[in-house]
Structures are given as structure tokens and as C-alpha cells.
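Peer 1: Have a peek at run_32.pdb (PDB, C-alpha atoms).
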```pdb
ATOM      1  CA  MET A   1     168.634  85.275 148.890
ATOM      2  CA  PRO A   2     169.159  86.047 152.593
ATOM      3  CA  ASN A   3     171.644  84.013 154.610
ATOM      4  CA  SER A   4     170.421  81.087 156.684
ATOM      5  CA  PRO A   5     173.090  81.213 159.363
ATOM      6  CA  ILE A   6     173.932  78.318 161.657
ATOM      7  CA  ILE A   7     172.756  79.191 165.174
ATOM      8  CA  LEU A   8     175.612  78.097 167.428
ATOM      9  CA  ALA A   9     173.553  76.889 170.375
ATOM     10  CA  GLY A  10     175.645  76.069 173.420
ATOM     11  CA  LYS A  11     173.296  73.502 174.954
ATOM     12  CA  ALA A  12     174.077  70.646 172.541
ATOM     13  CA  VAL A  13     177.828  71.247 172.809
ATOM     14  CA  ALA A  14     177.783  71.511 176.609
ATOM     15  CA  GLU A  15     175.787  68.267 176.863
ATOM     16  CA  ALA A  16     178.294  66.527 174.560
ATOM     17  CA  VAL A  17     181.195  67.720 176.745
ATOM     18  CA  LYS A  18     179.484  66.511 179.934
ATOM     19  CA  GLU A  19     178.560  63.177 178.319
ATOM     20  CA  GLY A  20     182.223  62.726 177.402
ATOM     21  CA  LEU A  21     183.210  63.181 181.060
ATOM     22  CA  LYS A  22     181.077  60.312 182.385
ATOM     23  CA  ASP A  23     183.461  57.454 181.461
ATOM     24  CA  ARG A  24     186.427  59.412 182.797
ATOM     25  CA  ILE A  25     184.614  60.026 186.085
ATOM     26  CA  ALA A  26     183.726  56.305 186.295
ATOM     27  CA  THR A  27     187.415  55.430 185.860
ATOM     28  CA  LEU A  28     188.356  57.856 188.628
ATOM     29  CA  ASN A  29     185.679  56.331 190.878
ATOM     30  CA  GLN A  30     187.242  52.895 190.327
ATOM     31  CA  HIS A  31     190.443  54.340 191.812
ATOM     32  CA  GLY A  32     188.521  55.716 194.787
ATOM     33  CA  ILE A  33     188.564  59.302 193.500
ATOM     34  CA  ILE A  34     185.501  61.573 193.342
ATOM     35  CA  PRO A  35     186.210  64.851 191.488
ATOM     36  CA  GLY A  36     186.062  67.609 194.106
ATOM     37  CA  LEU A  37     185.164  71.217 193.264
ATOM     38  CA  THR A  38     184.908  74.006 195.818
ATOM     39  CA  VAL A  39     183.592  77.442 194.873
ATOM     40  CA  ILE A  40     184.099  80.484 197.109
ATOM     41  CA  LEU A  41     181.466  83.182 196.663
ATOM     42  CA  VAL A  42     182.007  86.500 198.450
ATOM     43  CA  GLY A  43     179.059  88.885 198.540
ATOM     44  CA  GLU A  44     175.686  88.984 196.810
ATOM     45  CA  ASP A  45     176.417  89.836 193.149
ATOM     46  CA  PRO A  46     173.276  88.548 191.316
ATOM     47  CA  GLY A  47     175.162  87.417 188.198
ATOM     48  CA  SER A  48     177.636  85.484 190.333
ATOM     49  CA  GLN A  49     174.836  83.919 192.399
ATOM     50  CA  SER A  50     173.146  82.603 189.252
ATOM     51  CA  TYR A  51     176.390  81.271 187.792
ATOM     52  CA  VAL A  52     177.388  79.534 191.029
ATOM     53  CA  ARG A  53     173.962  77.855 191.327
ATOM     54  CA  SER A  54     174.440  76.464 187.819
ATOM     55  CA  LYS A  55     177.898  75.102 188.721
ATOM     56  CA  GLU A  56     176.501  73.529 191.899
ATOM     57  CA  ARG A  57     173.605  71.876 190.068
ATOM     58  CA  GLN A  58     175.580  70.532 187.121
ATOM     59  CA  SER A  59     178.544  69.237 189.116
ATOM     60  CA  GLY A  60     176.082  67.431 191.399
ATOM     61  CA  LYS A  61     174.468  65.705 188.397
ATOM     62  CA  LEU A  62     177.860  64.301 187.381
ATOM     63  CA  GLY A  63     178.549  62.960 190.872
ATOM     64  CA  PHE A  64     181.167  65.498 191.925
ATOM     65  CA  LYS A  65     181.968  66.282 195.529
ATOM     66  CA  SER A  66     180.711  69.843 195.123
ATOM     67  CA  GLU A  67     180.708  72.610 197.720
ATOM     68  CA  VAL A  68     179.936  76.315 197.652
ATOM     69  CA  ILE A  69     181.344  78.403 200.503
ATOM     70  CA  ARG A  70     179.327  81.609 200.744
ATOM     71  CA  LEU A  71     180.977  84.505 202.573
ATOM     72  CA  ALA A  72     179.671  87.935 203.520
ATOM     73  CA  ALA A  73     180.745  90.890 201.365
ATOM     74  CA  GLU A  74     182.600  92.304 204.406
ATOM     75  CA  THR A  75     184.881  89.227 204.657
ATOM     76  CA  SER A  76     188.505  90.391 204.813
ATOM     77  CA  GLU A  77     191.118  89.602 202.182
ATOM     78  CA  ALA A  78     193.180  87.783 204.828
ATOM     79  CA  GLU A  79     190.231  85.485 205.629
ATOM     80  CA  VAL A  80     189.725  84.623 201.942
ATOM     81  CA  LEU A  81     193.438  83.903 201.470
ATOM     82  CA  ALA A  82     193.517  81.707 204.586
ATOM     83  CA  LEU A  83     190.531  79.733 203.293
ATOM     84  CA  VAL A  84     192.197  79.223 199.899
ATOM     85  CA  GLU A  85     195.381  77.974 201.613
ATOM     86  CA  GLN A  86     193.289  75.527 203.646
ATOM     87  CA  LEU A  87     191.612  74.187 200.481
ATOM     88  CA  ASN A  88     195.017  73.874 198.763
ATOM     89  CA  GLN A  89     195.949  71.311 201.426
ATOM     90  CA  ASP A  90     192.768  69.241 201.082
ATOM     91  CA  GLU A  91     193.549  66.282 198.799
ATOM     92  CA  SER A  92     189.846  65.552 198.217
ATOM     93  CA  ILE A  93     189.477  68.907 196.439
ATOM     94  CA  HIS A  94     190.785  68.998 192.863
ATOM     95  CA  GLY A  95     189.410  72.365 191.803
ATOM     96  CA  ILE A  96     189.234  75.679 193.663
ATOM     97  CA  LEU A  97     187.334  78.562 192.140
ATOM     98  CA  VAL A  98     186.945  82.008 193.677
ATOM     99  CA  GLN A  99     184.003  83.626 191.908
ATOM    100  CA  LEU A 100     184.803  86.993 190.336
ATOM    101  CA  PRO A 101     184.188  89.872 190.709
ATOM    102  CA  LEU A 102     185.298  90.164 194.326
ATOM    103  CA  PRO A 103     184.446  93.111 196.604
ATOM    104  CA  LYS A 104     186.762  96.087 195.978
ATOM    105  CA  HIS A 105     188.733  95.651 199.212
ATOM    106  CA  ILE A 106     190.001  92.223 198.080
ATOM    107  CA  ASP A 107     192.873  92.000 195.582
ATOM    108  CA  SER A 108     191.608  89.508 192.971
ATOM    109  CA  GLN A 109     195.061  88.846 191.522
ATOM    110  CA  LYS A 110     196.503  88.050 194.943
ATOM    111  CA  VAL A 111     193.680  85.554 195.525
ATOM    112  CA  ILE A 112     194.171  83.937 192.097
ATOM    113  CA  GLU A 113     197.913  83.555 192.704
ATOM    114  CA  THR A 114     197.256  81.967 196.119
ATOM    115  CA  ILE A 115     195.245  79.119 194.552
ATOM    116  CA  SER A 116     197.532  76.145 193.899
ATOM    117  CA  SER A 117     198.266  76.045 190.155
ATOM    118  CA  SER A 118     197.426  72.313 190.241
ATOM    119  CA  LYS A 119     193.859  73.196 191.365
ATOM    120  CA  ASP A 120     193.402  76.274 189.163
ATOM    121  CA  VAL A 121     190.391  74.985 187.214
ATOM    122  CA  ASP A 122     189.463  78.543 186.151
ATOM    123  CA  GLY A 123     192.786  78.755 184.295
ATOM    124  CA  PHE A 124     193.645  82.232 185.612
ATOM    125  CA  HIS A 125     196.839  81.462 187.557
ATOM    126  CA  PRO A 126     200.060  82.883 185.998
ATOM    127  CA  VAL A 127     201.338  79.299 185.584
ATOM    128  CA  SER A 128     198.204  78.328 183.615
ATOM    129  CA  MET A 129     198.420  81.488 181.504
ATOM    130  CA  GLY A 130     202.121  80.930 180.830
ATOM    131  CA  LYS A 131     201.492  77.369 179.679
ATOM    132  CA  LEU A 132     198.726  78.596 177.369
ATOM    133  CA  VAL A 133     201.026  81.155 175.731
ATOM    134  CA  LEU A 134     203.736  78.507 175.260
ATOM    135  CA  GLY A 135     201.297  75.926 173.914
ATOM    136  CA  LEU A 136     201.903  73.546 176.822
ATOM    137  CA  GLU A 137     199.336  71.251 178.440
ATOM    138  CA  GLY A 138     197.491  73.002 181.266
ATOM    139  CA  PHE A 139     194.199  74.501 182.391
ATOM    140  CA  VAL A 140     192.677  76.813 179.765
ATOM    141  CA  PRO A 141     190.260  79.543 180.933
ATOM    142  CA  CYS A 142     186.762  78.114 180.629
ATOM    143  CA  THR A 143     185.071  80.582 178.278
ATOM    144  CA  PRO A 144     187.774  80.523 175.550
ATOM    145  CA  ALA A 145     188.045  76.724 175.924
ATOM    146  CA  GLY A 146     184.272  76.496 175.497
ATOM    147  CA  ILE A 147     184.379  78.602 172.338
ATOM    148  CA  VAL A 148     186.943  76.216 170.828
ATOM    149  CA  GLU A 149     184.647  73.287 171.692
ATOM    150  CA  MET A 150     181.812  75.064 169.853
ATOM    151  CA  ILE A 151     184.044  75.658 166.829
ATOM    152  CA  LYS A 152     184.989  71.968 166.845
ATOM    153  CA  TYR A 153     181.399  70.734 167.325
ATOM    154  CA  TYR A 154     179.984  72.836 164.492
ATOM    155  CA  GLY A 155     182.876  72.101 162.125
ATOM    156  CA  ILE A 156     183.984  75.727 161.681
ATOM    157  CA  GLU A 157     187.253  75.945 159.741
ATOM    158  CA  THR A 158     190.000  77.931 161.483
ATOM    159  CA  ARG A 159     193.120  77.148 159.455
ATOM    160  CA  GLY A 160     194.266  80.320 157.722
ATOM    161  CA  LYS A 161     191.206  82.264 158.870
ATOM    162  CA  HIS A 162     191.427  85.750 160.348
ATOM    163  CA  LEU A 163     190.040  85.820 163.875
ATOM    164  CA  VAL A 164     189.407  89.190 165.515
ATOM    165  CA  VAL A 165     188.802  89.468 169.267
ATOM    166  CA  ILE A 166     187.234  92.561 170.814
ATOM    167  CA  GLY A 167     188.326  92.835 174.451
ATOM    168  CA  ARG A 168     191.640  92.262 176.237
ATOM    169  CA  SER A 169     190.576  90.896 179.624
ATOM    170  CA  ASN A 170     192.557  88.131 181.304
ATOM    171  CA  ILE A 171     189.342  86.086 181.456
ATOM    172  CA  VAL A 172     188.406  86.089 177.757
ATOM    173  CA  GLY A 173     190.269  88.402 175.373
ATOM    174  CA  LYS A 174     193.937  87.591 176.026
ATOM    175  CA  PRO A 175     193.523  83.821 176.481
ATOM    176  CA  MET A 176     191.179  83.647 173.461
ATOM    177  CA  ALA A 177     193.759  85.310 171.234
ATOM    178  CA  ASN A 178     196.543  83.051 172.491
ATOM    179  CA  LEU A 179     194.434  79.912 172.191
ATOM    180  CA  MET A 180     193.395  80.582 168.607
ATOM    181  CA  LEU A 181     196.899  81.169 167.270
ATOM    182  CA  GLN A 182     198.162  77.778 168.442
ATOM    183  CA  LYS A 183     199.004  75.385 165.650
ATOM    184  CA  SER A 184     196.208  72.925 166.363
ATOM    185  CA  GLU A 185     193.406  71.455 164.289
ATOM    186  CA  HIS A 186     190.589  73.586 165.687
ATOM    187  CA  ALA A 187     192.562  76.722 166.587
ATOM    188  CA  ASN A 188     194.921  77.815 163.829
ATOM    189  CA  CYS A 189     194.093  81.407 162.973
ATOM    190  CA  THR A 190     195.740  84.689 162.185
ATOM    191  CA  VAL A 191     194.680  86.757 165.211
ATOM    192  CA  THR A 192     194.001  90.450 165.764
ATOM    193  CA  LEU A 193     193.161  91.723 169.242
ATOM    194  CA  CYS A 194     191.159  94.971 169.480
ATOM    195  CA  HIS A 195     190.336  96.989 172.601
ATOM    196  CA  THR A 196     189.216 100.385 173.868
ATOM    197  CA  ALA A 197     192.365 102.098 172.539
ATOM    198  CA  THR A 198     191.920 100.704 169.003
ATOM    199  CA  PRO A 199     191.106 103.519 166.556
ATOM    200  CA  ASP A 200     188.463 102.775 163.888
ATOM    201  CA  MET A 201     187.697  99.326 165.256
ATOM    202  CA  SER A 202     185.361  98.475 162.379
ATOM    203  CA  LEU A 203     188.391  98.578 160.044
ATOM    204  CA  TYR A 204     189.577  95.382 161.781
ATOM    205  CA  THR A 205     186.248  93.736 162.575
ATOM    206  CA  LYS A 206     185.160  93.938 158.916
ATOM    207  CA  MET A 207     188.193  91.813 158.021
ATOM    208  CA  ALA A 208     187.254  89.068 160.481
ATOM    209  CA  ASP A 209     186.288  85.624 159.217
ATOM    210  CA  ILE A 210     185.576  84.816 162.880
ATOM    211  CA  LEU A 211     184.655  87.654 165.258
ATOM    212  CA  VAL A 212     184.723  87.039 169.025
ATOM    213  CA  VAL A 213     183.078  89.876 170.948
ATOM    214  CA  ALA A 214     183.856  90.362 174.652
ATOM    215  CA  ALA A 215     183.510  94.143 174.817
ATOM    216  CA  GLY A 216     181.326  94.349 177.917
ATOM    217  CA  VAL A 217     179.014  96.840 176.183
ATOM    218  CA  PRO A 218     175.408  95.868 175.353
ATOM    219  CA  GLN A 219     174.754  95.485 171.599
ATOM    220  CA  TYR A 220     178.073  97.159 170.777
ATOM    221  CA  VAL A 221     178.601  95.388 167.432
ATOM    222  CA  GLY A 222     176.184  96.303 164.662
ATOM    223  CA  PRO A 223     175.953  95.185 161.022
ATOM    224  CA  ASP A 224     178.347  97.928 159.854
ATOM    225  CA  MET A 225     181.140  96.189 161.828
ATOM    226  CA  VAL A 226     180.646  92.676 160.408
ATOM    227  CA  LYS A 227     181.865  91.155 157.151
ATOM    228  CA  GLU A 228     179.316  89.325 155.005
ATOM    229  CA  GLY A 229     179.407  85.616 155.887
ATOM    230  CA  ALA A 230     181.445  86.001 159.090
ATOM    231  CA  VAL A 231     181.147  83.694 162.097
ATOM    232  CA  VAL A 232     180.153  85.850 165.092
ATOM    233  CA  ILE A 233     180.694  84.587 168.648
ATOM    234  CA  ASP A 234     179.137  86.804 171.319
ATOM    235  CA  VAL A 235     180.563  86.415 174.838
ATOM    236  CA  GLY A 236     178.601  89.293 176.376
ATOM    237  CA  ILE A 237     175.793  88.859 178.893
ATOM    238  CA  ASN A 238     174.122  92.163 179.789
ATOM    239  CA  ARG A 239     170.894  93.107 181.526
ATOM    240  CA  ILE A 240     169.075  96.008 179.897
ATOM    241  CA  GLU A 241     165.869  97.589 181.116
ATOM    242  CA  ASP A 242     162.714  96.471 179.349
ATOM    243  CA  PRO A 243     159.459  97.522 181.029
ATOM    244  CA  GLU A 244     157.494  95.238 178.688
ATOM    245  CA  THR A 245     158.962  92.105 180.285
ATOM    246  CA  GLU A 246     157.778  90.557 183.551
ATOM    247  CA  LYS A 247     161.169  91.037 185.240
ATOM    248  CA  GLY A 248     161.626  94.570 183.900
ATOM    249  CA  TYR A 249     164.790  93.644 182.019
ATOM    250  CA  ARG A 250     166.061  91.331 179.294
ATOM    251  CA  ILE A 251     169.391  89.693 178.585
ATOM    252  CA  VAL A 252     171.342  90.792 175.517
ATOM    253  CA  GLY A 253     174.851  90.208 174.271
ATOM    254  CA  ASP A 254     177.583  92.563 173.078
ATOM    255  CA  VAL A 255     176.290  92.025 169.522
ATOM    256  CA  ASP A 256     173.043  93.528 168.198
ATOM    257  CA  TYR A 257     171.793  90.059 167.267
ATOM    258  CA  GLU A 258     168.680  91.004 165.306
ATOM    259  CA  ALA A 259     170.563  93.553 163.223
ATOM    260  CA  VAL A 260     173.618  91.358 162.584
ATOM    261  CA  VAL A 261     172.261  87.817 162.157
ATOM    262  CA  ALA A 262     171.418  88.169 158.439
ATOM    263  CA  LYS A 263     175.029  89.035 157.568
ATOM    264  CA  THR A 264     176.560  86.001 159.272
ATOM    265  CA  SER A 265     177.229  82.395 158.279
ATOM    266  CA  ALA A 266     177.048  81.358 161.951
ATOM    267  CA  ILE A 267     176.249  83.207 165.173
ATOM    268  CA  THR A 268     175.809  82.492 168.887
ATOM    269  CA  PRO A 269     172.533  83.510 170.549
ATOM    270  CA  VAL A 270     172.410  85.304 173.915
ATOM    271  CA  PRO A 271     171.303  83.725 176.114
ATOM    272  CA  GLY A 272     171.837  80.122 175.041
ATOM    273  CA  GLY A 273     175.258  80.409 173.442
ATOM    274  CA  VAL A 274     178.721  80.714 174.964
ATOM    275  CA  GLY A 275     177.500  81.067 178.564
ATOM    276  CA  LEU A 276     176.403  77.430 178.716
ATOM    277  CA  MET A 277     179.895  76.314 177.688
ATOM    278  CA  THR A 278     181.707  78.037 180.549
ATOM    279  CA  VAL A 279     180.326  75.720 183.250
ATOM    280  CA  ALA A 280     180.851  72.626 181.067
ATOM    281  CA  MET A 281     184.539  73.461 180.629
ATOM    282  CA  LEU A 282     184.922  74.147 184.353
ATOM    283  CA  LEU A 283     183.673  70.609 185.007
ATOM    284  CA  SER A 284     186.060  69.298 182.338
ATOM    285  CA  ASN A 285     189.013  71.081 183.966
ATOM    286  CA  THR A 286     188.057  69.632 187.367
ATOM    287  CA  VAL A 287     188.004  66.085 185.969
ATOM    288  CA  LYS A 288     191.386  66.766 184.356
ATOM    289  CA  SER A 289     192.772  67.909 187.721
ATOM    290  CA  ALA A 290     191.426  64.764 189.401
ATOM    291  CA  GLU A 291     193.122  62.666 186.690
ATOM    292  CA  ASN A 292     196.372  64.561 187.303
ATOM    293  CA  SER A 293     196.151  63.599 190.988
ATOM    294  CA  LEU A 294     196.202  59.927 189.912
ATOM    295  CA  LYS A 295     199.489  60.466 188.107
TER     296      LYS A 295
END
```
Would you mind writing the file out in C-alpha cells?
Peer 2:
Amino acid sequence: MPNSPIILAGKAVAEAVKEGLKDRIATLNQHGIIPGLTVILVGEDPGSQSYVRSKERQSGKLGFKSEVIRLAAETSEAEVLALVEQLNQDESIHGILVQLPLPKHIDSQKVIETISSSKDVDGFHPVSMGKLVLGLEGFVPCTPAGIVEMIKYYGIETRGKHLVVIGRSNIVGKPMANLMLQKSEHANCTVTLCHTATPDMSLYTKMADILVVAAGVPQYVGPDMVKEGAVVIDVGINRIEDPETEKGYRIVGDVDYEAVVAKTSAITPVPGGVGLMTVAMLLSNTVKSAENSLK
């Protein structure tokens, strides 16, 4: 009989996360605090525009003080850094997010390190990353944090399981690996991290009980790379040309979903999977920062 995999839809999990924030926000409001999130968007990247609109809409629904500062692509690095420093000083703002990617003339790492670590709701600051590696309380990058929430929501066992991550970015791959090897109830795996310099990658991916794919290559993972009954979590969001669609393109992940789904015990769709969790966890981190300001 063919598998009937669990489809790990992000919408239900994201709604549960946001529902769980409402009482915490109400408590903050009683203390005169409205969670404040400011997003800086430089340039016209279409993916970034869409993502920022989603953040703006969802934070507004929860009653945040939400602001998007849109800057021209020609804005200098010095101007961006000065703006970040100004926001660092504003006590009504609990989260500062500079949307990546930035134009090539701006040093992304310099911008990230300029954001106050107490307002680093993206979880990319070296202080946040260091705390993650050490297993200390701090801001966890939103996409890996969202994946753990999905694992928790759908009751996926992690203890003693082999988790393989494809991709070593600071946004997903590295923090995902570090998060999943912590000794915690929903993240307690043996972890292997694969990347572009890994020879015979399928040798590792076929051993994965849980496979997290953040390769940045459309439909990179096929059925020959997946173990029977594996949990497959696809982080990729790619536009590929499709003249048969109204827009002329369609969205696919880094996993060839149609070819792989039958081999899995659980799999995320694209769209509708991990992407929905990223904004939810950003909102969660902002509420956490606002709570920290109370302390």
C-alpha cells in the first residue's frame, strides 16, 4: 500500500502560535506596552516586498505598533546604519528587522551587528547566535524556530532521530543544526549538516529520519535522495517559469514534491508550509522582546 503522509501545513501551526500571543500582548498592554516592530526595506526585491507586506498585515492584526521604512536601492550604507542606531534608542520599538537581501553596496553583516542584540528579533546578531550554540535563552532565527514549532504541533519524535540539513546559511542551515542538537523535548537529534562541498550527498540524505532542505535550488531533492518513511521539511521558495499559468511562473520548493511525497511519512508543501511559520515566529520574538523590556 502507498504511504499516506501527513501534510505539514504551516497555516494551522502559525495560527496557533499567534493565538498563543494574544494573552501575552494583553498583559503587556496592561503595563502600557504595545509591542513595536520596525522593518527596514531597501530596494524593490519582489520576494522581500511580499514578505514585508505579510509582516505588516499580521502584526497589525495583533495590535502591534508596526512600521515599515522603505528606502531607495541607492541608499548608502552609512544612512542605513544611522537609521538603525536611531531605532536602537527608541524605547517604543522592541524589534528591528532589516530585510535581506540588501543591495550589494551595503555590508549585511555590519548592519546586523549594528542592531541592538536586545532588539534582534530576526535572531541573526552574533550574540543571538552565540546563545543558540550554547543553549541559552535568546532570540532564535525565525525559520528554524518555526520548523521546531511544526515538529511540536504535529507530534514528530526527535529523540534519537537522525536529522540531516542541506544548506549552511546563517539564516537557516547553521541555526537549524544547532537548534536540533539541543537536549530539549522537541529538538534532540543526531545532526548532519550537508552543503555544496559534500561529496555524494545522497549517502547522507538517505540516512535521514528528518530531512530539512534549504539548498536554494528548485526541486533539488528527488526520491533517490530520501529514505522510505522520512519526514521531509522543505524551506525553499523558488519561482520557476510556467507559461501555462496566468502569472507565467509557479512557486516550487527545493524538494520535487510530486516525486518525493509517496516515500515520506510527513512532508511540508510549498507554498503553504514553512514560509507561513517565519512571520509567526518573528511576531513571537517581538512579543518576547517587549516582555524583556518589562524586566
Peer 1: Quick one, how far is atom CA of Phe64 of chain A from atom CA of Asp234 of chain A?
Peer 2: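 So the answer is 29.7 Å.
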Peer 1: Need the shell around segment 20-24 of chain A: protein/DNA/RNA residues with any atom at most 12 Å away, counting all atoms listed in the file. Skip same-chain ones fewer than 5 positions apart. Format as JSON, numbers by chain?
Peer 2: {"A": [13, 14, 15, 29, 30, 31, 33, 34, 35, 59, 61, 62, 63, 64, 280, 281, 282, 283, 284, 285, 286, 287, 288, 289, 290, 291]}
Peer 1: Fewer than 2 positions away in the same chain doesn't count, so skip those; otherwise give me all residues within 10 Å of Val213 of chain A, counting all atoms listed in the file, as a list in words.
Peer 2: Val164, Val165, Ile166, Gly167, Val172, Gly173, Cys194, Thr205, Ile210, Leu211, Ala215, Gly216, Val217, Tyr220, Val221, Val232, Ile233, Asp234, Val235, Gly236, Gly253, Asp254 and Val255 of chain A
Peer 1: With a distance cut-off of 10 Å and only C-alpha atoms, select the neighbouring residues of Gln86 of chain A, excluding the residue or stretch itself and same-chain residues fewer than 5 positions from it, and output the selection as a ChimeraX atom specification.
Peer 2: /A:80-81,115
Peer 1: Just how far from atom CA of Glu137 of chain A is atom CA of Asn292 of chain A, in Å to one decimal?
Peer 2: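 One can read the atom CA of Asn292 of chain A to atom CA of Glu137 of chain A distance as 11.5 Å.
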Peer 1: Here's the selection I'm unsure about, the PyMOL selection byres ((chain A and resi 140) around 9); applied to the file above, which residues does it give, as number ranges by chain?
Peer 2: A: 121-124, 128-129, 131-132, 137-139, 141-145, 175, 179, 281, 285
Peer 1: Create the file for the chosen residues now, containing C-alpha atoms and written as a PDB file, keeping the file's coordinate frame.
Peer 2:
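Once written, part_8.pdb looks like this:
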```pdb
ATOM      1  CA  VAL A 121     190.391  74.985 187.214  1.00  0.00           C
ATOM      2  CA  ASP A 122     189.463  78.543 186.151  1.00  0.00           C
ATOM      3  CA  GLY A 123     192.786  78.755 184.295  1.00  0.00           C
ATOM      4  CA  PHE A 124     193.645  82.232 185.612  1.00  0.00           C
ATOM      5  CA  SER A 128     198.204  78.328 183.615  1.00  0.00           C
ATOM      6  CA  MET A 129     198.420  81.488 181.504  1.00  0.00           C
ATOM      7  CA  LYS A 131     201.492  77.369 179.679  1.00  0.00           C
ATOM      8  CA  LEU A 132     198.726  78.596 177.369  1.00  0.00           C
ATOM      9  CA  GLU A 137     199.336  71.251 178.440  1.00  0.00           C
ATOM     10  CA  GLY A 138     197.491  73.002 181.266  1.00  0.00           C
ATOM     11  CA  PHE A 139     194.199  74.501 182.391  1.00  0.00           C
ATOM     12  CA  PRO A 141     190.260  79.543 180.933  1.00  0.00           C
ATOM     13  CA  CYS A 142     186.762  78.114 180.629  1.00  0.00           C
ATOM     14  CA  THR A 143     185.071  80.582 178.278  1.00  0.00           C
ATOM     15  CA  PRO A 144     187.774  80.523 175.550  1.00  0.00           C
ATOM     16  CA  ALA A 145     188.045  76.724 175.924  1.00  0.00           C
ATOM     17  CA  PRO A 175     193.523  83.821 176.481  1.00  0.00           C
ATOM     18  CA  LEU A 179     194.434  79.912 172.191  1.00  0.00           C
ATOM     19  CA  MET A 281     184.539  73.461 180.629  1.00  0.00           C
ATOM     20  CA  ASN A 285     189.013  71.081 183.966  1.00  0.00           C
TER      21      ASN A 285
END
```
Peer 1: Could you check which of A:Ala214, A:Met176, A:Ala73, A:Ile112 is closest to Gly146 of chain A, using only C-alpha atoms?
Peer 2: A:Met176
Peer 1: Go ahead and compute the interatomic distance for atom CA of Tyr257 of chain A and atom CA of Leu100 of chain A, in Å to one decimal.
Peer 2: 26.7 Å
Peer 1: Choose the residue, out of A:Val111, A:Asn188, A:Pro271, A:Met225, that has the smallest atom-to-atom separation from Asn238 of chain A; count all atoms listed in the file.
Peer 2: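 Distance minimum relative to Asn238 of chain A lands on A:Pro271.
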Peer 1: Give me the box for segment 26-45 of chain A as AutoDock Vina command-line options, namely the centre and edge lengths in Å to one decimal of a box along x, y and z that holds every listed atom plus 4 Å on each side.
Peer 2:
```
--center_x 183.1 --center_y 71.4 --center_z 192.2 --size_x 22.8 --size_y 44.9 --size_z 20.7
```
Peer 1: Looking at all atoms listed in the file, which of A:Leu83, A:Ala26, A:Val68, A:Ile171 is the one that sits closest to Gln49 of chain A?
Peer 2: A:Val68
Peer 1: Name every residue that the PyMOL selection byres ((chain A and resi 69) around 12) selects in this structure, writing the answer as a PDB file with C-alpha atoms, keeping the file's coordinate frame with chains first and numbers rising.
Peer 2:
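Written out: part-v9.pdb:
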```
ATOM      1  CA  LEU A  37     185.164  71.217 193.264  1.00  0.00           C
ATOM      2  CA  THR A  38     184.908  74.006 195.818  1.00  0.00           C
ATOM      3  CA  VAL A  39     183.592  77.442 194.873  1.00  0.00           C
ATOM      4  CA  ILE A  40     184.099  80.484 197.109  1.00  0.00           C
ATOM      5  CA  LEU A  41     181.466  83.182 196.663  1.00  0.00           C
ATOM      6  CA  VAL A  42     182.007  86.500 198.450  1.00  0.00           C
ATOM      7  CA  GLY A  43     179.059  88.885 198.540  1.00  0.00           C
ATOM      8  CA  GLN A  49     174.836  83.919 192.399  1.00  0.00           C
ATOM      9  CA  VAL A  52     177.388  79.534 191.029  1.00  0.00           C
ATOM     10  CA  ARG A  53     173.962  77.855 191.327  1.00  0.00           C
ATOM     11  CA  GLU A  56     176.501  73.529 191.899  1.00  0.00           C
ATOM     12  CA  SER A  66     180.711  69.843 195.123  1.00  0.00           C
ATOM     13  CA  GLU A  67     180.708  72.610 197.720  1.00  0.00           C
ATOM     14  CA  VAL A  68     179.936  76.315 197.652  1.00  0.00           C
ATOM     15  CA  ARG A  70     179.327  81.609 200.744  1.00  0.00           C
ATOM     16  CA  LEU A  71     180.977  84.505 202.573  1.00  0.00           C
ATOM     17  CA  ALA A  72     179.671  87.935 203.520  1.00  0.00           C
ATOM     18  CA  VAL A  80     189.725  84.623 201.942  1.00  0.00           C
ATOM     19  CA  LEU A  83     190.531  79.733 203.293  1.00  0.00           C
ATOM     20  CA  VAL A  84     192.197  79.223 199.899  1.00  0.00           C
ATOM     21  CA  LEU A  87     191.612  74.187 200.481  1.00  0.00           C
ATOM     22  CA  ILE A  96     189.234  75.679 193.663  1.00  0.00           C
ATOM     23  CA  LEU A  97     187.334  78.562 192.140  1.00  0.00           C
ATOM     24  CA  VAL A  98     186.945  82.008 193.677  1.00  0.00           C
ATOM     25  CA  GLN A  99     184.003  83.626 191.908  1.00  0.00           C
TER      26      GLN A  99
END
```
Peer 1: At a cut-off of 10 Å from (184.9, 71.4, 171.3) in the coordinates of the file, what residues are picked up using all atoms listed in the file, written as a list of chain:residue names?
Peer 2: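 Result, sorted by chain then residue number: A:Val13, A:Ala14, A:Ala16, A:Val17, A:Ala145, A:Gly146, A:Ile147, A:Val148, A:Glu149, A:Met150, A:Ile151, A:Lys152, A:Tyr153, A:Tyr154, A:Gly155, A:His186, A:Met277, A:Met281.
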Peer 1: Could you check the closest approach to Ala82 of chain A for each of A:Ile7, A:Lys55, A:Glu185, A:Thr114 and tell me which residue wins, using all atoms listed in the file?
Peer 2: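 Selected residue with least distance to Ala82 of chain A: A:Thr114.
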Peer 1: Please provide as a list in words all residues within 7 Å of Tyr249 of chain A, with the sequence filter that same-chain residues fewer than 3 positions apart are discarded (counting all atoms listed in the file).
Peer 2: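 Everything that qualifies: Arg239, Ile240, Glu241, Asp242, Pro243 and Thr245 of chain A.
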Peer 1: Can you pull out the residues contacting Val231 of chain A? Cut-off 6 Å, using all atoms listed in the file, and skip same-chain residues under 5 positions away; I want them as a short mmCIF file (atom, residue, chain, number, x, y, z; two decimals) with C-alpha atoms, keeping the file's coordinate frame.
Peer 2:
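File produced: out.cif:
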```
data_model
loop_
_atom_site.label_atom_id
_atom_site.label_comp_id
_atom_site.auth_asym_id
_atom_site.auth_seq_id
_atom_site.Cartn_x
_atom_site.Cartn_y
_atom_site.Cartn_z
CA ILE A 210 185.58 84.82 162.88
CA THR A 264 176.56 86.00 159.27
CA SER A 265 177.23 82.40 158.28
CA ALA A 266 177.05 81.36 161.95
CA ILE A 267 176.25 83.21 165.17
#
```
